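Here the structure comes first, spelled out in structure tokens, and everything after it is commentary.
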Amino acid sequence: MSAATTTVSLPKGRAVQGFFRELTRSKAGFAGFVLVALIVGMTIIAPLVVDPANPTTLDKIWGGPSLEHPLGTDGSGKDTLKQILLGGQTVIFVGFAAALLTTVIAVVIGSLAAYFRGRFDGVMLQLTDIVMTIPQIVLLAVMGAFFRLDSPVALAVLIGALSWPVLMRSIRAQVLTLKEREFVEAARLLDLGTLRVVFIEIVPNMASYILINFIIAVTNAIYALVGLYLLGLAPLAGANWGLMINDAWIKGAMFDQNAILYILAPVTMIVLLQLGLIMLTRSLEEILNPRLRDR
């Protein structure tokens, strides 16, 4: 059973070409896609071609830009450019992993709550009210103080587990509308089972909405992660953009003219990644929403 009455089978190559053709219809959206692809590609390729060794050089502390160090050095004399190239993996992994967890929790709970209604729905709504009442950064700070966040996986789980209530309510509202459609009624009459009706018949009809909200969840997760680093609640070890901002703040880099690039570089990378993700949603909306695609 499905809301669509016909299915057109296209070769995989033609389907990919069609997707990219639609992606280029929005110049801003395509620019966002290219920006995200470049940044993600950099974080994947850089560890393979860049020497991870970044020794401390005391005579080059807070050094300005030079041929040897294009973005200068930090308070320990380490190369800033090398930290930028190698420092995106944790931020991007936590952002996407946390967003995936948030989306899965929101879709599962929101769909089931709307479908069953009754006591389960009431309990879930009450729980979301409680979580949404507390500012997320405060809740993250409290949880970060109680739990040992010594790995990117732990950070992703914490952020993802606390970020689902808003999306859950949106998914619930969508399912409340979809569950009254004819194809859902037909699936019930055929006694296909609750899980199949919810996750095979209803949820796929929200695919575009879920995907766009997943990207928004990525941006929120990255901001939350950077906030944890800035507050010193994430592990202050290794090298990543969030840690660079924390280090620059503690060492007063913004007050040293030679050190200003050390704080601007990671902030710029995070802003560009966030901007690319937000711009990408414009193309995805046009591709996945038939009403926008036909304009």
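All residue names refer to the structure tokens as shown: chains lettered A, B, ... in order, residues numbered from 1 in each chain, ligands numbered from 1 in order.
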
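For Gln89 of chain A, the set of protein, DNA and RNA residues having any atom at most 8 Å away, when counting only C-alpha atoms and skipping those fewer than 2 positions along the same chain, is Thr43, Ile44, Leu86, Gly87, Val91, Ile92, Phe93 and Asn240 of chain A.
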
Counting only C-alpha atoms, give me one row per residue of segment 166-223 of chain A with an atom at most 12 Å from an atom of segment 152-158 of chain A, showing the shortest contact pair and its distance in Å to one decimal, sorted by chain then residue number, as a tab-separated table.
```
residue	atom	partner	partner_atom	distance
A:Ala217	CA	A:Ala156	CA	11.9
A:Val218	CA	A:Ala156	CA	10.7
A:Asn220	CA	A:Ala156	CA	11.9
A:Ala221	CA	A:Ala156	CA	8.2
A:Ile222	CA	A:Ala156	CA	9.8
```

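The shortest atom-to-atom distance to Glu286 of chain A, with only C-alpha atoms taken into account, belongs to A:Tyr209 out of A:Phe96, A:Phe116, A:Tyr209, A:Trp164.
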
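Distances here use only C-alpha atoms; by that measure, the residue among A:Thr133, A:Ile263, A:Ala187, A:Val175 closest to Leu81 of chain A is A:Ile263.
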
Those in segment 143-289 of chain A with alpha helix (DSSP H) from DSSP, as a PDB file with C-alpha atoms, in the first residue's frame:
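File produced: states21.pdb:
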```pdb
ATOM      1  CA  MET A 143      24.176  16.483  32.167  1.00  0.00           C
ATOM      2  CA  GLY A 144      27.756  17.161  31.075  1.00  0.00           C
ATOM      3  CA  ALA A 145      28.751  17.769  34.686  1.00  0.00           C
ATOM      4  CA  PHE A 146      27.314  14.406  35.795  1.00  0.00           C
ATOM      5  CA  PRO A 152      32.505  11.838  20.382  1.00  0.00           C
ATOM      6  CA  VAL A 153      29.934   9.035  20.651  1.00  0.00           C
ATOM      7  CA  ALA A 154      29.050  10.053  24.219  1.00  0.00           C
ATOM      8  CA  LEU A 155      28.718  13.681  23.133  1.00  0.00           C
ATOM      9  CA  ALA A 156      26.471  12.702  20.227  1.00  0.00           C
ATOM     10  CA  VAL A 157      24.260  10.539  22.443  1.00  0.00           C
ATOM     11  CA  LEU A 158      23.885  13.286  25.059  1.00  0.00           C
ATOM     12  CA  ILE A 159      23.009  16.008  22.545  1.00  0.00           C
ATOM     13  CA  GLY A 160      20.759  13.742  20.492  1.00  0.00           C
ATOM     14  CA  ALA A 161      18.891  12.397  23.514  1.00  0.00           C
ATOM     15  CA  PRO A 165      11.011  17.144  21.810  1.00  0.00           C
ATOM     16  CA  VAL A 166      10.415  19.981  19.300  1.00  0.00           C
ATOM     17  CA  LEU A 167      10.716  17.700  16.275  1.00  0.00           C
ATOM     18  CA  MET A 168       8.624  15.050  18.002  1.00  0.00           C
ATOM     19  CA  ARG A 169       5.713  17.470  18.322  1.00  0.00           C
ATOM     20  CA  SER A 170       6.011  18.428  14.656  1.00  0.00           C
ATOM     21  CA  ILE A 171       6.059  14.780  13.563  1.00  0.00           C
ATOM     22  CA  ARG A 172       3.072  14.060  15.795  1.00  0.00           C
ATOM     23  CA  ALA A 173       1.092  16.857  14.123  1.00  0.00           C
ATOM     24  CA  GLN A 174       1.964  15.509  10.681  1.00  0.00           C
ATOM     25  CA  VAL A 175       0.901  11.964  11.586  1.00  0.00           C
ATOM     26  CA  LEU A 176      -2.400  13.171  13.078  1.00  0.00           C
ATOM     27  CA  THR A 177      -3.234  14.504   9.616  1.00  0.00           C
ATOM     28  CA  LEU A 178      -1.893  11.583   7.586  1.00  0.00           C
ATOM     29  CA  GLU A 182      -7.669   6.886   2.585  1.00  0.00           C
ATOM     30  CA  PHE A 183      -4.528   4.807   2.073  1.00  0.00           C
ATOM     31  CA  VAL A 184      -4.057   4.483   5.836  1.00  0.00           C
ATOM     32  CA  GLU A 185      -7.679   3.443   6.287  1.00  0.00           C
ATOM     33  CA  ALA A 186      -7.186   0.841   3.550  1.00  0.00           C
ATOM     34  CA  ALA A 187      -4.088  -0.504   5.299  1.00  0.00           C
ATOM     35  CA  ARG A 188      -6.050  -0.833   8.538  1.00  0.00           C
ATOM     36  CA  LEU A 189      -8.855  -2.701   6.787  1.00  0.00           C
ATOM     37  CA  THR A 194       0.408  -1.341  13.522  1.00  0.00           C
ATOM     38  CA  LEU A 195       4.150  -1.143  12.842  1.00  0.00           C
ATOM     39  CA  ARG A 196       3.682  -1.579   9.103  1.00  0.00           C
ATOM     40  CA  ALA A 207      10.323  11.821   4.011  1.00  0.00           C
ATOM     41  CA  SER A 208      10.951  15.335   2.704  1.00  0.00           C
ATOM     42  CA  TYR A 209       9.856  16.941   5.958  1.00  0.00           C
ATOM     43  CA  ILE A 210      12.013  14.552   7.992  1.00  0.00           C
ATOM     44  CA  LEU A 211      15.090  15.083   5.807  1.00  0.00           C
ATOM     45  CA  ILE A 212      14.911  18.862   6.009  1.00  0.00           C
ATOM     46  CA  ASN A 213      14.431  18.740   9.769  1.00  0.00           C
ATOM     47  CA  PHE A 214      17.371  16.333  10.012  1.00  0.00           C
ATOM     48  CA  ILE A 215      19.623  18.970   8.444  1.00  0.00           C
ATOM     49  CA  ILE A 216      18.259  21.594  10.829  1.00  0.00           C
ATOM     50  CA  ALA A 217      18.985  19.188  13.690  1.00  0.00           C
ATOM     51  CA  VAL A 218      22.597  18.923  12.462  1.00  0.00           C
ATOM     52  CA  THR A 219      23.040  22.683  12.756  1.00  0.00           C
ATOM     53  CA  ASN A 220      21.486  22.715  16.246  1.00  0.00           C
ATOM     54  CA  ALA A 221      23.700  19.831  17.376  1.00  0.00           C
ATOM     55  CA  ILE A 222      26.857  21.589  16.179  1.00  0.00           C
ATOM     56  CA  TYR A 223      25.900  24.759  18.053  1.00  0.00           C
ATOM     57  CA  ALA A 224      25.214  22.686  21.180  1.00  0.00           C
ATOM     58  CA  LEU A 225      28.579  20.933  20.880  1.00  0.00           C
ATOM     59  CA  VAL A 226      30.473  24.204  20.470  1.00  0.00           C
ATOM     60  CA  GLY A 227      28.596  25.544  23.500  1.00  0.00           C
ATOM     61  CA  LEU A 228      29.774  22.566  25.564  1.00  0.00           C
ATOM     62  CA  TYR A 229      33.364  23.182  24.512  1.00  0.00           C
ATOM     63  CA  LEU A 230      33.103  26.884  25.225  1.00  0.00           C
ATOM     64  CA  TRP A 241      37.255  23.549  16.110  1.00  0.00           C
ATOM     65  CA  GLY A 242      35.243  23.731  19.329  1.00  0.00           C
ATOM     66  CA  LEU A 243      38.323  23.101  21.440  1.00  0.00           C
ATOM     67  CA  MET A 244      40.228  25.788  19.529  1.00  0.00           C
ATOM     68  CA  ILE A 245      37.531  28.331  20.413  1.00  0.00           C
ATOM     69  CA  ASN A 246      37.687  27.323  24.082  1.00  0.00           C
ATOM     70  CA  ASP A 247      41.486  27.543  24.069  1.00  0.00           C
ATOM     71  CA  ALA A 248      41.434  30.939  22.356  1.00  0.00           C
ATOM     72  CA  TRP A 249      38.892  32.249  24.871  1.00  0.00           C
ATOM     73  CA  ILE A 250      40.862  31.019  27.902  1.00  0.00           C
ATOM     74  CA  ILE A 260      43.176  36.862  16.117  1.00  0.00           C
ATOM     75  CA  LEU A 261      43.286  34.304  13.274  1.00  0.00           C
ATOM     76  CA  TYR A 262      43.427  31.487  15.815  1.00  0.00           C
ATOM     77  CA  ILE A 263      39.917  32.307  17.006  1.00  0.00           C
ATOM     78  CA  LEU A 264      38.530  33.537  13.679  1.00  0.00           C
ATOM     79  CA  ALA A 265      39.587  30.414  11.740  1.00  0.00           C
ATOM     80  CA  PRO A 266      37.472  27.824  13.649  1.00  0.00           C
ATOM     81  CA  VAL A 267      34.547  30.255  13.978  1.00  0.00           C
ATOM     82  CA  THR A 268      34.635  30.828  10.209  1.00  0.00           C
ATOM     83  CA  MET A 269      34.688  27.075   9.483  1.00  0.00           C
ATOM     84  CA  ILE A 270      31.696  26.462  11.757  1.00  0.00           C
ATOM     85  CA  VAL A 271      29.774  29.399  10.272  1.00  0.00           C
ATOM     86  CA  LEU A 272      30.502  28.240   6.701  1.00  0.00           C
ATOM     87  CA  LEU A 273      29.381  24.699   7.520  1.00  0.00           C
ATOM     88  CA  GLN A 274      26.181  25.949   9.134  1.00  0.00           C
ATOM     89  CA  LEU A 275      25.523  28.352   6.268  1.00  0.00           C
ATOM     90  CA  GLY A 276      26.036  25.578   3.724  1.00  0.00           C
ATOM     91  CA  LEU A 277      23.618  23.263   5.530  1.00  0.00           C
ATOM     92  CA  ILE A 278      20.934  25.930   5.770  1.00  0.00           C
ATOM     93  CA  MET A 279      21.333  26.901   2.114  1.00  0.00           C
ATOM     94  CA  LEU A 280      21.180  23.210   1.129  1.00  0.00           C
ATOM     95  CA  THR A 281      17.694  22.902   2.615  1.00  0.00           C
ATOM     96  CA  ARG A 282      16.426  25.357  -0.026  1.00  0.00           C
ATOM     97  CA  SER A 283      17.344  22.970  -2.834  1.00  0.00           C
ATOM     98  CA  LEU A 284      16.015  19.971  -0.951  1.00  0.00           C
ATOM     99  CA  GLU A 285      12.679  21.716  -0.459  1.00  0.00           C
ATOM    100  CA  GLU A 286      12.379  22.320  -4.191  1.00  0.00           C
ATOM    101  CA  ILE A 287      13.399  18.741  -5.041  1.00  0.00           C
ATOM    102  CA  LEU A 288      11.183  16.992  -2.501  1.00  0.00           C
TER     103      LEU A 288
END
```

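Between atom CA of Met42 of chain A and atom CA of Gly95 of chain A the interatomic distance comes to 16.1 Å.
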
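Checking A:Thr56, A:Ser111, A:Ser26, A:Thr128 one by one against Val198 of chain A, counting only C-alpha atoms, you find the shortest gap at A:Ser111.
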
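Taking atom CA of Ala37 of chain A and atom CA of Val107 of chain A as the two end points, the separation is 26.6 Å.
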
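Of the listed residues (A:Gly122, A:Pro70, A:Gly64, A:Pro47), A:Pro47 comes nearest to Leu85 of chain A; the distances count only C-alpha atoms.
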
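With atom CA of Val40 of chain A on one side and atom CA of Arg25 of chain A on the other, the separation reads 22.5 Å.
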
Practice problem: Measuring atom to atom with only C-alpha atoms, identify which of A:Ala259, A:Leu233, A:Ile105, A:Ala239 is nearest to Leu140 of chain A. | Solution: A:Leu233

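Of the listed residues (A:Ile39, A:Ala98, A:Leu67, A:Val203), A:Val203 comes nearest to Ala114 of chain A; the distances count only C-alpha atoms.
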
Quiz prompt | Test item: residues at most 10 Å from Asn258 of chain A, only C-alpha atoms, excluding those fewer than 3 positions along its chain, as a PyMOL selection string | solution = chain A and resi 61-65+71-74+253-255+261-262

Those residues with N, CA and C atoms, as a compact mmCIF listing (two decimals), in the first residue's frame please?
```
# COMPACT_ATOMS: atom_id res chain seq x y z
N ILE A 61 55.19 31.18 19.64
CA ILE A 61 53.89 31.35 20.31
C ILE A 61 53.18 32.59 19.77
N TRP A 62 51.89 32.40 19.44
CA TRP A 62 51.07 33.46 18.85
C TRP A 62 51.78 34.14 17.69
N GLY A 63 52.33 33.34 16.83
CA GLY A 63 52.99 33.89 15.65
C GLY A 63 51.96 34.31 14.61
N GLY A 64 52.25 35.37 13.89
CA GLY A 64 51.35 35.84 12.86
C GLY A 64 51.46 35.02 11.60
N PRO A 65 50.64 35.31 10.59
CA PRO A 65 50.69 34.56 9.33
C PRO A 65 52.06 34.65 8.68
N LEU A 71 48.16 30.60 8.68
CA LEU A 71 47.18 31.15 9.62
C LEU A 71 47.81 31.45 10.99
N GLY A 72 49.12 31.48 11.05
CA GLY A 72 49.80 31.75 12.30
C GLY A 72 49.86 30.53 13.20
N THR A 73 50.18 30.76 14.47
CA THR A 73 50.31 29.69 15.45
C THR A 73 49.50 30.03 16.70
N ASP A 74 49.29 29.01 17.55
CA ASP A 74 48.49 29.21 18.76
C ASP A 74 49.38 29.54 19.96
N ALA A 253 43.01 35.13 23.22
CA ALA A 253 43.53 35.34 21.86
C ALA A 253 42.93 36.58 21.20
N MET A 254 41.69 36.93 21.57
CA MET A 254 41.04 38.07 20.92
C MET A 254 41.68 39.41 21.28
N PHE A 255 42.56 39.40 22.29
CA PHE A 255 43.21 40.64 22.70
C PHE A 255 44.61 40.76 22.11
N LEU A 261 43.65 35.34 14.25
CA LEU A 261 43.29 34.30 13.27
C LEU A 261 43.02 32.97 13.95
N TYR A 262 43.61 32.76 15.12
CA TYR A 262 43.43 31.49 15.82
C TYR A 262 41.99 31.31 16.28
```
